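To be precise, the following lines are input-v2.pdb, and they hold PDB, C-alpha atoms, pLDDT in the B column.
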ATOM      1  CA  THR A 259      77.712  94.645 -54.888  1.00 67.00           C
ATOM      2  CA  GLU A 260      79.460  92.652 -57.530  1.00 70.00           C
ATOM      3  CA  ASP A 261      81.594  91.154 -54.829  1.00 77.00           C
ATOM      4  CA  GLU A 262      78.521  90.291 -52.793  1.00 75.00           C
ATOM      5  CA  ILE A 263      76.995  88.617 -55.779  1.00 78.00           C
ATOM      6  CA  THR A 264      80.154  86.687 -56.402  1.00 82.00           C
ATOM      7  CA  LEU A 265      80.316  85.724 -52.733  1.00 79.00           C
ATOM      8  CA  PHE A 266      76.647  84.697 -52.828  1.00 76.00           C
ATOM      9  CA  GLU A 267      77.211  82.539 -55.864  1.00 80.00           C
ATOM     10  CA  LYS A 268      80.193  80.961 -54.182  1.00 83.00           C
ATOM     11  CA  ASP A 269      78.152  80.265 -51.061  1.00 79.00           C
ATOM     12  CA  MET A 270      75.384  78.781 -53.159  1.00 80.00           C
ATOM     13  CA  LYS A 271      77.835  76.498 -54.929  1.00 82.00           C
ATOM     14  CA  GLU A 272      79.283  75.327 -51.651  1.00 83.00           C
ATOM     15  CA  PHE A 273      75.739  74.774 -50.313  1.00 76.00           C
ATOM     16  CA  TRP A 274      74.805  72.645 -53.274  1.00 75.00           C
ATOM     17  CA  ILE A 275      78.017  70.733 -53.027  1.00 80.00           C
ATOM     18  CA  GLN A 276      77.430  70.093 -49.339  1.00 78.00           C
ATOM     19  CA  PHE A 277      73.754  69.287 -50.006  1.00 70.00           C
ATOM     20  CA  LYS A 278      74.662  66.845 -52.708  1.00 72.00           C
ATOM     21  CA  ILE A 279      77.273  65.255 -50.535  1.00 76.00           C
ATOM     22  CA  ILE A 280      74.927  64.969 -47.572  1.00 74.00           C
ATOM     23  CA  TYR A 281      71.975  63.798 -49.710  1.00 70.00           C
ATOM     24  CA  GLY A 282      74.178  61.356 -51.610  1.00 68.00           C
ATOM     25  CA  ILE A 283      75.554  59.827 -48.429  1.00 69.00           C
ATOM     26  CA  GLU A 284      72.026  59.507 -46.994  1.00 70.00           C
ATOM     27  CA  GLN A 285      70.798  57.911 -50.190  1.00 68.00           C
ATOM     28  CA  ILE A 286      73.718  55.530 -50.119  1.00 63.00           C
ATOM     29  CA  ASN A 287      73.031  54.718 -46.502  1.00 65.00           C
ATOM     30  CA  GLN A 288      69.333  54.176 -47.189  1.00 69.00           C
ATOM     31  CA  THR A 289      70.202  52.017 -50.178  1.00 68.00           C
ATOM     32  CA  LEU A 290      72.672  50.003 -48.142  1.00 66.00           C
ATOM     33  CA  ALA A 291      70.156  49.652 -45.338  1.00 74.00           C
ATOM     34  CA  LEU A 292      67.507  48.603 -47.825  1.00 74.00           C
ATOM     35  CA  ARG A 293      69.971  46.180 -49.399  1.00 71.00           C
ATOM     36  CA  ASP A 294      70.837  44.707 -46.027  1.00 76.00           C
ATOM     37  CA  SER A 295      67.157  44.468 -45.122  1.00 78.00           C
ATOM     38  CA  CYS A 296      66.390  42.784 -48.430  1.00 74.00           C
ATOM     39  CA  LYS A 297      69.336  40.491 -47.988  1.00 78.00           C
ATOM     40  CA  VAL A 298      68.128  39.489 -44.527  1.00 80.00           C
ATOM     41  CA  SER A 299      64.599  39.008 -45.837  1.00 79.00           C
ATOM     42  CA  ILE A 300      65.867  37.036 -48.802  1.00 77.00           C
ATOM     43  CA  GLU A 301      68.050  34.887 -46.570  1.00 80.00           C
ATOM     44  CA  ALA A 302      65.160  34.300 -44.156  1.00 82.00           C
ATOM     45  CA  LEU A 303      62.822  33.574 -47.043  1.00 80.00           C
ATOM     46  CA  SER A 304      65.452  31.354 -48.664  1.00 77.00           C
ATOM     47  CA  GLU A 305      66.002  29.494 -45.406  1.00 82.00           C
ATOM     48  CA  LYS A 306      62.251  29.176 -44.969  1.00 83.00           C
ATOM     49  CA  TRP A 307      61.731  27.815 -48.493  1.00 76.00           C
ATOM     50  CA  SER A 308      64.811  25.648 -48.232  1.00 79.00           C
ATOM     51  CA  LYS A 309      63.376  24.145 -45.057  1.00 83.00           C
ATOM     52  CA  LYS A 310      60.005  23.821 -46.729  1.00 78.00           C
ATOM     53  CA  LEU A 311      61.587  22.158 -49.752  1.00 80.00           C
ATOM     54  CA  LYS A 312      63.448  19.758 -47.494  1.00 83.00           C
ATOM     55  CA  GLU A 313      60.184  18.977 -45.702  1.00 80.00           C
ATOM     56  CA  GLU A 314      58.520  18.478 -49.061  1.00 77.00           C
ATOM     57  CA  ASP A 315      61.383  16.213 -50.147  1.00 79.00           C
ATOM     58  CA  LEU A 316      60.953  14.258 -46.937  1.00 81.00           C
ATOM     59  CA  MET A 317      57.222  14.193 -47.553  1.00 80.00           C
ATOM     60  CA  ILE A 318      57.792  12.938 -51.099  1.00 82.00           C
ATOM     61  CA  ASP A 319      60.191  10.274 -49.798  1.00 81.00           C
ATOM     62  CA  LYS A 320      57.650   9.311 -47.162  1.00 81.00           C
ATOM     63  CA  ILE A 321      54.856   9.153 -49.746  1.00 80.00           C
ATOM     64  CA  GLN A 322      57.070   7.049 -52.002  1.00 83.00           C
ATOM     65  CA  GLU A 323      57.838   4.809 -49.056  1.00 83.00           C
ATOM     66  CA  TYR A 324      54.122   4.514 -48.314  1.00 73.00           C
ATOM     67  CA  ASN A 325      53.445   3.777 -51.973  1.00 83.00           C
ATOM     68  CA  ASN A 326      56.092   1.044 -51.955  1.00 85.00           C
ATOM     69  CA  GLU A 327      54.646  -0.378 -48.761  1.00 83.00           C
ATOM     70  CA  ILE A 328      51.122  -0.273 -50.240  1.00 81.00           C
ATOM     71  CA  LEU A 329      52.458  -1.978 -53.382  1.00 82.00           C
ATOM     72  CA  GLN A 330      54.075  -4.712 -51.279  1.00 84.00           C
ATOM     73  CA  GLN A 331      50.890  -5.122 -49.247  1.00 81.00           C
ATOM     74  CA  SER A 332      48.823  -5.305 -52.445  1.00 81.00           C
ATOM     75  CA  LYS A 333      51.196  -7.909 -53.839  1.00 83.00           C
ATOM     76  CA  TYR A 334      51.018  -9.872 -50.577  1.00 80.00           C
ATOM     77  CA  ILE A 335      47.202  -9.666 -50.547  1.00 79.00           C
ATOM     78  CA  ALA A 336      47.076 -10.797 -54.197  1.00 82.00           C
ATOM     79  CA  GLU A 337      49.296 -13.794 -53.383  1.00 82.00           C
ATOM     80  CA  LYS A 338      47.142 -14.665 -50.371  1.00 78.00           C
ATOM     81  CA  GLU A 339      43.968 -14.336 -52.442  1.00 81.00           C
ATOM     82  CA  GLU A 340      45.490 -16.650 -55.050  1.00 83.00           C
ATOM     83  CA  GLN A 341      46.431 -19.138 -52.330  1.00 81.00           C
ATOM     84  CA  LEU A 342      42.922 -18.826 -50.869  1.00 75.00           C
ATOM     85  CA  THR A 343      41.429 -19.527 -54.303  1.00 82.00           C
ATOM     86  CA  GLU A 344      43.629 -22.615 -54.645  1.00 78.00           C
ATOM     87  CA  ILE A 345      42.640 -23.771 -51.147  1.00 72.00           C
ATOM     88  CA  LYS A 346      38.951 -23.260 -51.959  1.00 79.00           C
ATOM     89  CA  LEU A 347      39.413 -25.225 -55.181  1.00 77.00           C
ATOM     90  CA  GLU A 348      41.144 -28.035 -53.292  1.00 72.00           C
ATOM     91  CA  LEU A 349      38.382 -28.006 -50.664  1.00 64.00           C
ATOM     92  CA  ASN A 350      35.732 -28.177 -53.394  1.00 78.00           C
ATOM     93  CA  GLN A 351      37.602 -31.078 -55.007  1.00 74.00           C
ATOM     94  CA  GLU A 352      37.911 -32.820 -51.627  1.00 67.00           C
ATOM     95  CA  GLU A 353      34.206 -32.250 -50.968  1.00 75.00           C
ATOM     96  CA  GLU A 354      33.397 -33.705 -54.402  1.00 77.00           C
ATOM     97  CA  GLN A 355      35.686 -36.670 -53.731  1.00 67.00           C
ATOM     98  CA  GLN A 356      34.109 -37.107 -50.291  1.00 66.00           C
ATOM     99  CA  LYS A 357      30.650 -37.019 -51.856  1.00 74.00           C
ATOM    100  CA  ASN A 358      31.708 -39.537 -54.509  1.00 65.00           C
ATOM    101  CA  LEU A 359      33.246 -41.734 -51.817  1.00 50.00           C
ATOM    102  CA  THR A 360      30.086 -41.476 -49.709  1.00 62.00           C
ATOM    103  CA  ASP A 361      27.964 -42.353 -52.742  1.00 71.00           C
ATOM    104  CA  SER A 362      30.244 -45.288 -53.538  1.00 60.00           C
ATOM    105  CA  ILE A 363      30.070 -46.522 -49.949  1.00 55.00           C
ATOM    106  CA  GLN A 364      26.285 -46.209 -50.021  1.00 71.00           C
ATOM    107  CA  GLU A 365      26.152 -48.141 -53.297  1.00 72.00           C
ATOM    108  CA  LEU A 366      28.398 -50.816 -51.821  1.00 56.00           C
ATOM    109  CA  LYS A 367      26.206 -50.999 -48.729  1.00 63.00           C
ATOM    110  CA  GLU A 368      23.104 -51.382 -50.860  1.00 75.00           C
ATOM    111  CA  ALA A 369      24.791 -54.015 -53.032  1.00 70.00           C
ATOM    112  CA  LEU A 370      25.980 -55.827 -49.906  1.00 64.00           C
ATOM    113  CA  MET A 371      22.494 -55.719 -48.402  1.00 72.00           C
ATOM    114  CA  LYS A 372      21.054 -57.164 -51.617  1.00 77.00           C
ATOM    115  CA  LYS A 373      23.698 -59.892 -51.627  1.00 72.00           C
ATOM    116  CA  MET A 374      22.962 -60.625 -47.977  1.00 69.00           C
ATOM    117  CA  GLU A 375      19.237 -60.796 -48.735  1.00 72.00           C
ATOM    118  CA  ILE A 376      19.894 -63.090 -51.690  1.00 68.00           C
ATOM    119  CA  LYS A 377      22.258 -65.201 -49.604  1.00 63.00           C
ATOM    120  CA  SER A 378      19.727 -65.332 -46.798  1.00 64.00           C
ATOM    121  CA  SER A 379      16.998 -66.445 -49.187  1.00 63.00           C
ATOM    122  CA  LYS A 380      19.373 -69.009 -50.713  1.00 60.00           C
ATOM    123  CA  ASN A 381      20.329 -70.245 -47.259  1.00 60.00           C
ATOM    124  CA  GLU A 382      16.666 -70.539 -46.390  1.00 69.00           C
ATOM    125  CA  ALA A 383      16.023 -72.428 -49.619  1.00 62.00           C
ATOM    126  CA  ALA A 384      19.039 -74.630 -48.978  1.00 61.00           C
ATOM    127  CA  LYS A 385      17.840 -75.254 -45.445  1.00 66.00           C
ATOM    128  CA  GLU A 386      14.467 -76.347 -46.765  1.00 67.00           C
ATOM    129  CA  LYS A 387      16.169 -78.607 -49.298  1.00 62.00           C
ATOM    130  CA  VAL A 388      18.350 -80.139 -46.602  1.00 60.00           C
ATOM    131  CA  GLU A 389      15.274 -80.767 -44.484  1.00 65.00           C
ATOM    132  CA  GLY A 390      13.641 -82.431 -47.499  1.00 61.00           C
ATOM    133  CA  VAL A 391      16.734 -84.559 -47.979  1.00 59.00           C
ATOM    134  CA  CYS A 392      16.663 -85.617 -44.321  1.00 61.00           C
ATOM    135  CA  LYS A 393      13.018 -86.622 -44.553  1.00 64.00           C
ATOM    136  CA  THR A 394      13.726 -88.583 -47.716  1.00 59.00           C
ATOM    137  CA  LYS A 395      16.753 -90.138 -46.050  1.00 59.00           C
ATOM    138  CA  THR A 396      14.681 -91.422 -43.149  1.00 65.00           C
ATOM    139  CA  LEU A 397      12.051 -92.803 -45.495  1.00 62.00           C
ATOM    140  CA  PHE A 398      14.512 -94.569 -47.803  1.00 61.00           C
ATOM    141  CA  GLU A 399      16.725 -95.841 -44.972  1.00 64.00           C
ATOM    142  CA  GLU A 400      13.750 -97.590 -43.455  1.00 61.00           C
ATOM    143  CA  ARG A 401      12.277 -98.992 -46.673  1.00 64.00           C
ATOM    144  CA  LEU A 402      15.019 -99.240 -49.291  1.00 65.00           C
ATOM    145  CA  GLY A 403      18.235 -99.726 -47.364  1.00 71.00           C
ATOM    146  CA  LEU A 404      19.610 -96.255 -48.200  1.00 86.00           C
ATOM    147  CA  GLU A 405      22.719 -95.017 -46.400  1.00 88.00           C
ATOM    148  CA  LEU A 406      23.479 -91.297 -46.370  1.00 88.00           C
ATOM    149  CA  ARG A 407      26.937 -89.883 -45.616  1.00 89.00           C
ATOM    150  CA  ARG A 408      28.230 -86.311 -45.335  1.00 90.00           C
ATOM    151  CA  ILE A 409      31.600 -86.029 -47.103  1.00 89.00           C
ATOM    152  CA  HIS A 410      34.040 -83.232 -47.947  1.00 87.00           C
ATOM    153  CA  ASN A 411      32.886 -79.797 -49.252  1.00 80.00           C
ATOM    154  CA  GLU A 412      29.475 -80.205 -47.637  1.00 81.00           C
ATOM    155  CA  GLN A 413      28.443 -82.927 -50.097  1.00 92.00           C
ATOM    156  CA  LEU A 414      26.035 -85.755 -49.387  1.00 91.00           C
ATOM    157  CA  GLN A 415      26.732 -89.287 -50.596  1.00 93.00           C
ATOM    158  CA  PHE A 416      23.728 -91.558 -51.190  1.00 94.00           C
ATOM    159  CA  ILE A 417      24.494 -95.289 -51.036  1.00 94.00           C
ATOM    160  CA  PHE A 418      21.865 -97.824 -52.126  1.00 93.00           C
ATOM    161  CA  ARG A 419      22.086-101.491 -51.231  1.00 90.00           C
ATOM    162  CA  CYS A 420      19.735-104.460 -51.703  1.00 88.00           C
ATOM    163  CA  ILE A 421      19.455-103.673 -55.424  1.00 90.00           C
ATOM    164  CA  ASP A 422      21.337-106.685 -56.733  1.00 89.00           C
ATOM    165  CA  HIS A 423      19.702-109.752 -55.227  1.00 88.00           C
ATOM    166  CA  LYS A 424      22.790-111.799 -56.018  1.00 90.00           C
ATOM    167  CA  ASP A 425      24.941-109.331 -54.052  1.00 91.00           C
ATOM    168  CA  PRO A 426      22.702-107.357 -51.634  1.00 89.00           C
ATOM    169  CA  ASP A 427      25.674-105.480 -50.085  1.00 90.00           C
ATOM    170  CA  LYS A 428      26.920-104.149 -53.421  1.00 93.00           C
ATOM    171  CA  PRO A 429      26.761-100.301 -53.255  1.00 94.00           C
ATOM    172  CA  TYR A 430      25.154 -98.116 -55.883  1.00 95.00           C
ATOM    173  CA  MET A 431      25.863 -94.470 -55.107  1.00 95.00           C
ATOM    174  CA  PHE A 432      25.752 -90.839 -56.183  1.00 96.00           C
ATOM    175  CA  THR A 433      27.013 -87.628 -54.605  1.00 96.00           C
ATOM    176  CA  LEU A 434      24.846 -84.528 -54.325  1.00 94.00           C
ATOM    177  CA  SER A 435      25.661 -80.923 -53.405  1.00 92.00           C
ATOM    178  CA  ILE A 436      23.998 -77.508 -53.479  1.00 91.00           C
ATOM    179  CA  ASN A 437      25.914 -75.124 -55.760  1.00 90.00           C
ATOM    180  CA  GLU A 438      26.453 -71.341 -55.393  1.00 87.00           C
ATOM    181  CA  GLN A 439      23.166 -70.647 -57.162  1.00 88.00           C
ATOM    182  CA  GLY A 440      21.344 -72.721 -54.560  1.00 87.00           C
ATOM    183  CA  ASP A 441      20.503 -75.542 -56.991  1.00 91.00           C
ATOM    184  CA  TYR A 442      20.938 -79.298 -56.560  1.00 92.00           C
ATOM    185  CA  GLU A 443      23.943 -80.674 -58.444  1.00 95.00           C
ATOM    186  CA  VAL A 444      25.017 -84.315 -58.887  1.00 96.00           C
ATOM    187  CA  THR A 445      28.809 -84.369 -58.703  1.00 95.00           C
ATOM    188  CA  SER A 446      29.372 -88.126 -59.122  1.00 96.00           C
ATOM    189  CA  CYS A 447      27.457 -91.312 -59.890  1.00 97.00           C
ATOM    190  CA  THR A 448      28.685 -94.909 -59.549  1.00 96.00           C
ATOM    191  CA  PRO A 449      27.922 -96.823 -61.655  1.00 95.00           C
ATOM    192  CA  PRO A 450      27.276 -94.002 -64.151  1.00 96.00           C
ATOM    193  CA  LEU A 451      23.726 -93.333 -65.353  1.00 96.00           C
ATOM    194  CA  ASP A 452      22.991 -91.773 -68.741  1.00 95.00           C
ATOM    195  CA  CYS A 453      19.792 -90.285 -67.376  1.00 96.00           C
ATOM    196  CA  ILE A 454      21.299 -88.613 -64.290  1.00 96.00           C
ATOM    197  CA  ALA A 455      21.435 -85.169 -65.981  1.00 96.00           C
ATOM    198  CA  GLU A 456      17.746 -85.436 -66.882  1.00 96.00           C
ATOM    199  CA  PHE A 457      16.890 -86.434 -63.285  1.00 97.00           C
ATOM    200  CA  GLN A 458      18.892 -83.473 -61.977  1.00 96.00           C
ATOM    201  CA  LEU A 459      17.011 -81.047 -64.250  1.00 96.00           C
ATOM    202  CA  LYS A 460      13.628 -82.422 -63.143  1.00 95.00           C
ATOM    203  CA  LEU A 461      14.687 -82.125 -59.502  1.00 95.00           C
ATOM    204  CA  ARG A 462      15.596 -78.450 -59.988  1.00 94.00           C
ATOM    205  CA  GLU A 463      12.279 -77.762 -61.687  1.00 94.00           C
ATOM    206  CA  SER A 464       9.976 -79.691 -59.306  1.00 93.00           C
ATOM    207  CA  ASN A 465      12.013 -79.666 -56.078  1.00 90.00           C
ATOM    208  CA  ASN A 466      10.563 -83.154 -55.465  1.00 91.00           C
ATOM    209  CA  PHE A 467      13.521 -84.823 -53.843  1.00 88.00           C
ATOM    210  CA  SER A 468      11.759 -88.090 -52.965  1.00 87.00           C
ATOM    211  CA  ALA A 469      10.824 -88.634 -56.604  1.00 92.00           C
ATOM    212  CA  PHE A 470      14.408 -87.883 -57.646  1.00 94.00           C
ATOM    213  CA  VAL A 471      15.882 -90.484 -55.237  1.00 91.00           C
ATOM    214  CA  ALA A 472      13.270 -93.055 -56.273  1.00 91.00           C
ATOM    215  CA  ASN A 473      14.025 -92.472 -59.985  1.00 95.00           C
ATOM    216  CA  VAL A 474      17.769 -92.847 -59.398  1.00 95.00           C
ATOM    217  CA  ARG A 475      17.201 -96.130 -57.525  1.00 93.00           C
ATOM    218  CA  LYS A 476      14.987 -97.381 -60.341  1.00 94.00           C
ATOM    219  CA  ALA A 477      17.681 -96.462 -62.857  1.00 96.00           C
ATOM    220  CA  PHE A 478      20.301 -98.389 -60.827  1.00 95.00           C
ATOM    221  CA  THR A 479      17.942-101.378 -60.699  1.00 94.00           C
ATOM    222  CA  ALA A 480      17.367-101.160 -64.450  1.00 94.00           C
ATOM    223  CA  LEU A 481      21.101-101.631 -64.996  1.00 93.00           C
ATOM    224  CA  LEU A 482      20.742-105.234 -63.819  1.00 90.00           C
ATOM    225  CA  TYR A 483      18.483-106.061 -66.766  1.00 86.00           C
ATOM    226  CA  LYS A 484      20.654-104.550 -69.509  1.00 73.00           C
TER     227      LYS A 484
END

As structure tokens, please, write out the structure in this file.
Amino acid sequence: TEDEITLFEKDMKEFWIQFKIIYGIEQINQTLALRDSCKVSIEALSEKWSKKLKEEDLMIDKIQEYNNEILQQSKYIAEKEEQLTEIKLELNQEEEQQKNLTDSIQELKEALMKKMEIKSSKNEAAKEKVEGVCKTKTLFEERLGLELRRIHNEQLQFIFRCIDHKDPDKPYMFTLSINEQGDYEVTSCTPPLDCIAEFQLKLRESNNFSAFVANVRKAFTALLYK
């Protein structure tokens, strides 16, 4: 029996050795398989995340590109808005200048109309004065030997004769015009009369041309008795 026990113990030792060997190999195989599986999973996961990271990098680059483009567009819009503001300012200035020019033109038109009205009234007054002169001319030509001539610058020359009985043809004359103000103005007098300025003033005040011509003739006649 001792031999059987020894044999049994020997068999048990061999069994455990074989068991350990078999179990150890299986554990190693399972571990290796698990390692390989983990390695494959890690590689797949790594490849997946690497791809995802690359996509995210591309996305970041794209976002940055969009941001740069938006920045450029914003800068462009700001420049255009500034140009638009300047254009609006110029248009406002041009409108103001146009308004000022229109107002100035209107003022000039009104001033011109007033001048035309004044000129028209002066022309009418001058026309009336000329008509008065013509009537006086006819009267004095017939009765007092007056000769009337139109000379340069629209002036009228009045020539009296038959004043000096010793020399009836001797001329006594004065020149009359209508100035820019529409008033009578004696521009020359031969022989000179000291009272001609007074006669001119009275003529402007009374507009009595016949009396003026008669007074001048009397003054010429009075020279003969000085």

(Q) Applying 9 Å and all atoms listed in the file, which residues near stretch 408-411 of chain A remain after dropping the ones on its own chain fewer than 2 positions away? List them as a PyMOL selection string. (A) chain A and resi 406+413-415+433+435

Pull C-alpha atoms from the residues just selected and write them as a CSV table (one decimal), in the coordinates of the input.
chain,number,residue,atom,x,y,z
A,406,LEU,CA,23.5,-91.3,-46.4
A,413,GLN,CA,28.4,-82.9,-50.1
A,414,LEU,CA,26.0,-85.8,-49.4
A,415,GLN,CA,26.7,-89.3,-50.6
A,433,THR,CA,27.0,-87.6,-54.6
A,435,SER,CA,25.7,-80.9,-53.4

Q | Shell of 8 Å around stretch 469-477 of chain A, only C-alpha atoms, local chain residues under 6 positions omitted, as number ranges by chain | A | A: 418, 451, 453-454, 457-458, 460-461

Write out the residues from the selection above, keeping C-alpha atoms, as a compact mmCIF listing (two decimals), keeping the file's coordinate frame.
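Contents of out_19.txt, freshly written:
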# COMPACT_ATOMS: atom_id res chain seq x y z
CA PHE A 418 21.86 -97.82 -52.13
CA LEU A 451 23.73 -93.33 -65.35
CA CYS A 453 19.79 -90.28 -67.38
CA ILE A 454 21.30 -88.61 -64.29
CA PHE A 457 16.89 -86.43 -63.28
CA GLN A 458 18.89 -83.47 -61.98
CA LYS A 460 13.63 -82.42 -63.14
CA LEU A 461 14.69 -82.12 -59.50

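If all atoms listed in the file are the atoms counted, then among A:Ile328, A:Asp441, A:Glu337, A:Pro429 the closest residue to A:Ser464 is A:Asp441.
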
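A straight line drawn from atom CA of A:Ser295 to atom CA of A:Glu314 is 27.7 Å long.
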
Q.
One decimal, in Å: what's the spacing between atom CA of A:Ile421 and atom CA of A:Leu482?
A.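 Taking atom CA of A:Ile421 and atom CA of A:Leu482, their separation equals 8.6 Å.
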
Please write as a PDB file with C-alpha atoms, in the frame of the given file the list of polymer residues whose atoms come within 7 Å of (21.6, -95.5, -53.1), counting all atoms listed in the file and keeping to the coordinates of the file.
ATOM      1  CA  LEU A 404      19.610 -96.255 -48.200  1.00 86.00           C
ATOM      2  CA  GLU A 405      22.719 -95.017 -46.400  1.00 88.00           C
ATOM      3  CA  PHE A 416      23.728 -91.558 -51.190  1.00 94.00           C
ATOM      4  CA  ILE A 417      24.494 -95.289 -51.036  1.00 94.00           C
ATOM      5  CA  PHE A 418      21.865 -97.824 -52.126  1.00 93.00           C
ATOM      6  CA  ARG A 419      22.086-101.491 -51.231  1.00 90.00           C
ATOM      7  CA  TYR A 430      25.154 -98.116 -55.883  1.00 95.00           C
ATOM      8  CA  MET A 431      25.863 -94.470 -55.107  1.00 95.00           C
ATOM      9  CA  PHE A 432      25.752 -90.839 -56.183  1.00 96.00           C
ATOM     10  CA  ARG A 475      17.201 -96.130 -57.525  1.00 93.00           C
TER      11      ARG A 475
END

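The spacing separating atom CA of A:Gln439 from atom CA of A:Met371 amounts to 17.3 Å.
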